[in-house]
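Have a look at the structure below before the remarks.
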Amino acid sequence: MTKQAKGTTQTATQTAASEEFMPIMRELARAYQAFTNYSDAHVRTLGLTPAQFDIISTLGNTSGMSMNKLAEKTLITKGTLTGIIDRLEQKGLVRREVPSDNRRSFTVILTPAGEWAFEQFFPAHIAYLKERFVRLDSQELEQIQLALKKLREVF
């Protein structure tokens, strides 16, 4: 690479790194990491992985869901979802049921043990998260929600 080309590359990278939105990207990533670390630590004390907790929370108060719907709601790919459902089945928390109107698919349903887990773990986890969110007043919560919604709409 010539000196001139190298200088152009450095200028381009310096320009990219100094974009006005870069601090927002960093802060968004840090906020997500902080939330995930805090949330996941509690979920693991319940004997579940974060993905397993997500599945149980999504299935709670429902009559079950197809794998497609569950993947859509949890943002977990169908390939990954299959393994998670397998492990939740081994724990006795979910079961697969073939609907009579579509023998080519199945519905994932919480078992009685899964319902119990949902009824115990979901409120406990929300209370755990509330310990942090209570530090924000109603106006701050609304401002954050609106800012995040606006950011999502940009994409």
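Identifiers in this document derive from the order of the structure tokens: chains are assigned A, B, ..., residues are numbered from 1 separately in each chain, and ligands are numbered from 1 in order of occurrence.
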### Task
Using DSSP on the backbone coordinates, identify all residues within chain A classified as helix (DSSP H, G or I); present the result as a PyMOL selection string.
chain A and resi 3-17+22-45+50-59+67-74+78-90+112-133+138-154
### Task
Tell me which protein, DNA and RNA residues are within 8 Å of Gly114 (chain A), counting only C-alpha atoms, leaving out same-chain ones fewer than 3 positions away, and put them as a ChimeraX atom specification.
/A:56,92-94,110-111,117-118
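Going from CA of Ala113 (chain A) to CA of Glu97 (chain A) covers 16.1 Å.
Residue nearest Asn102 (chain A) within the list A:Ala34, A:Ile144, A:Ser66, A:Thr58: A:Ser66 [criterion: smallest interatomic distance, only C-alpha atoms].
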### Query
Within 10 Å of Ala51 (chain A), counting only C-alpha atoms, which residues qualify if same-chain residues fewer than 6 places away don't, as an MDAnalysis selection string?
chainID A and resid 40 43 57 74:76 80:81 84:85
Dump of C-alpha atoms for the selected residues, as a PDB file, in the first residue's frame:
ATOM      1  CA  ASP A  40     -29.150 -13.308  32.848  1.00  0.00           C
ATOM      2  CA  VAL A  43     -32.343 -16.193  35.363  1.00  0.00           C
ATOM      3  CA  SER A  57     -42.279 -16.519  29.682  1.00  0.00           C
ATOM      4  CA  THR A  74     -38.722 -14.796  21.029  1.00  0.00           C
ATOM      5  CA  LEU A  75     -36.445 -13.824  18.128  1.00  0.00           C
ATOM      6  CA  ILE A  76     -34.764 -17.237  18.420  1.00  0.00           C
ATOM      7  CA  THR A  80     -31.710 -23.018  17.854  1.00  0.00           C
ATOM      8  CA  LEU A  81     -35.264 -23.194  19.165  1.00  0.00           C
ATOM      9  CA  ILE A  84     -33.976 -25.348  23.571  1.00  0.00           C
ATOM     10  CA  ILE A  85     -37.372 -27.059  23.345  1.00  0.00           C
TER      11      ILE A  85
END
### Task
Would you return as number ranges by chain the members of chain A that DSSP assigns to strand (DSSP E) on this structure's backbone?
A: 65-66, 94-97, 107-110
### Query
Between A:Lys78, A:Leu148, A:Gln14, A:Gly83, which has the minimum distance to Ala31 (chain A) (counting only C-alpha atoms)?
A:Leu148
Can you tell me, as a PDB file with N, CA and C atoms, in the first residue's frame, what residues are no more than 9 Å from Met67 (chain A) when counting only C-alpha atoms, ignoring any on the same chain fewer than 4 positions away?
ATOM      1  N   ALA A  71     -40.740 -18.809  17.551  1.00  0.00           N
ATOM      2  CA  ALA A  71     -39.504 -18.240  17.012  1.00  0.00           C
ATOM      3  C   ALA A  71     -39.691 -16.746  16.736  1.00  0.00           C
ATOM      4  N   GLU A  72     -40.832 -16.393  16.194  1.00  0.00           N
ATOM      5  CA  GLU A  72     -41.130 -14.987  15.889  1.00  0.00           C
ATOM      6  C   GLU A  72     -41.214 -14.147  17.165  1.00  0.00           C
ATOM      7  N   LYS A  78     -35.335 -20.904  14.353  1.00  0.00           N
ATOM      8  CA  LYS A  78     -35.983 -22.212  14.503  1.00  0.00           C
ATOM      9  C   LYS A  78     -34.988 -23.328  14.794  1.00  0.00           C
ATOM     10  N   LEU A  81     -34.064 -22.960  18.364  1.00  0.00           N
ATOM     11  CA  LEU A  81     -35.264 -23.194  19.165  1.00  0.00           C
ATOM     12  C   LEU A  81     -35.511 -24.686  19.395  1.00  0.00           C
ATOM     13  N   THR A  82     -35.248 -25.493  18.395  1.00  0.00           N
ATOM     14  CA  THR A  82     -35.461 -26.943  18.517  1.00  0.00           C
ATOM     15  C   THR A  82     -34.658 -27.514  19.683  1.00  0.00           C
ATOM     16  N   SER A 105     -47.188 -30.185  11.666  1.00  0.00           N
ATOM     17  CA  SER A 105     -46.531 -29.284  12.611  1.00  0.00           C
ATOM     18  C   SER A 105     -46.897 -29.702  14.030  1.00  0.00           C
ATOM     19  N   PHE A 106     -46.374 -28.993  14.995  1.00  0.00           N
ATOM     20  CA  PHE A 106     -46.769 -29.260  16.373  1.00  0.00           C
ATOM     21  C   PHE A 106     -46.790 -27.960  17.154  1.00  0.00           C
ATOM     22  N   THR A 107     -47.477 -28.027  18.275  1.00  0.00           N
ATOM     23  CA  THR A 107     -47.602 -26.888  19.170  1.00  0.00           C
ATOM     24  C   THR A 107     -46.782 -27.177  20.416  1.00  0.00           C
ATOM     25  N   VAL A 108     -46.082 -26.173  20.902  1.00  0.00           N
ATOM     26  CA  VAL A 108     -45.314 -26.300  22.137  1.00  0.00           C
ATOM     27  C   VAL A 108     -46.184 -25.764  23.259  1.00  0.00           C
TER      28      VAL A 108
END
### Nearest candidate to Thr49 (chain A) (options A:Met65, A:Leu88, A:Leu28, A:Ala127; using only C-alpha atoms)
A:Leu88
### Task
Choose the residue, out of A:Asp101, A:Glu115, A:Glu142, A:Glu19, that has the smallest atom-to-atom separation from Ser63 (chain A); count only C-alpha atoms.
A:Glu115
### Message
List the spatial neighbours of His42 (chain A) as a PyMOL selection string - criterion: any atom at most 9 Å away, only C-alpha atoms, same-chain residues fewer than 5 positions off excluded.
### Response
chain A and resi 37+125+128
Residues just named, written with N, CA and C atoms as an mmCIF file, in the first residue's frame:
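The new file out.cif reads:
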data_model
loop_
_atom_site.group_PDB
_atom_site.id
_atom_site.type_symbol
_atom_site.label_atom_id
_atom_site.label_comp_id
_atom_site.auth_asym_id
_atom_site.auth_seq_id
_atom_site.Cartn_x
_atom_site.Cartn_y
_atom_site.Cartn_z
ATOM 1 N N ASN A 37 -26.435 -8.735 31.283
ATOM 2 C CA ASN A 37 -25.655 -9.328 32.376
ATOM 3 C C ASN A 37 -26.466 -9.386 33.661
ATOM 4 N N HIS A 125 -38.737 -12.605 38.501
ATOM 5 C CA HIS A 125 -37.775 -11.930 37.624
ATOM 6 C C HIS A 125 -38.184 -10.477 37.372
ATOM 7 N N TYR A 128 -37.181 -8.564 40.297
ATOM 8 C CA TYR A 128 -35.726 -8.385 40.262
ATOM 9 C C TYR A 128 -35.352 -7.223 39.334
#
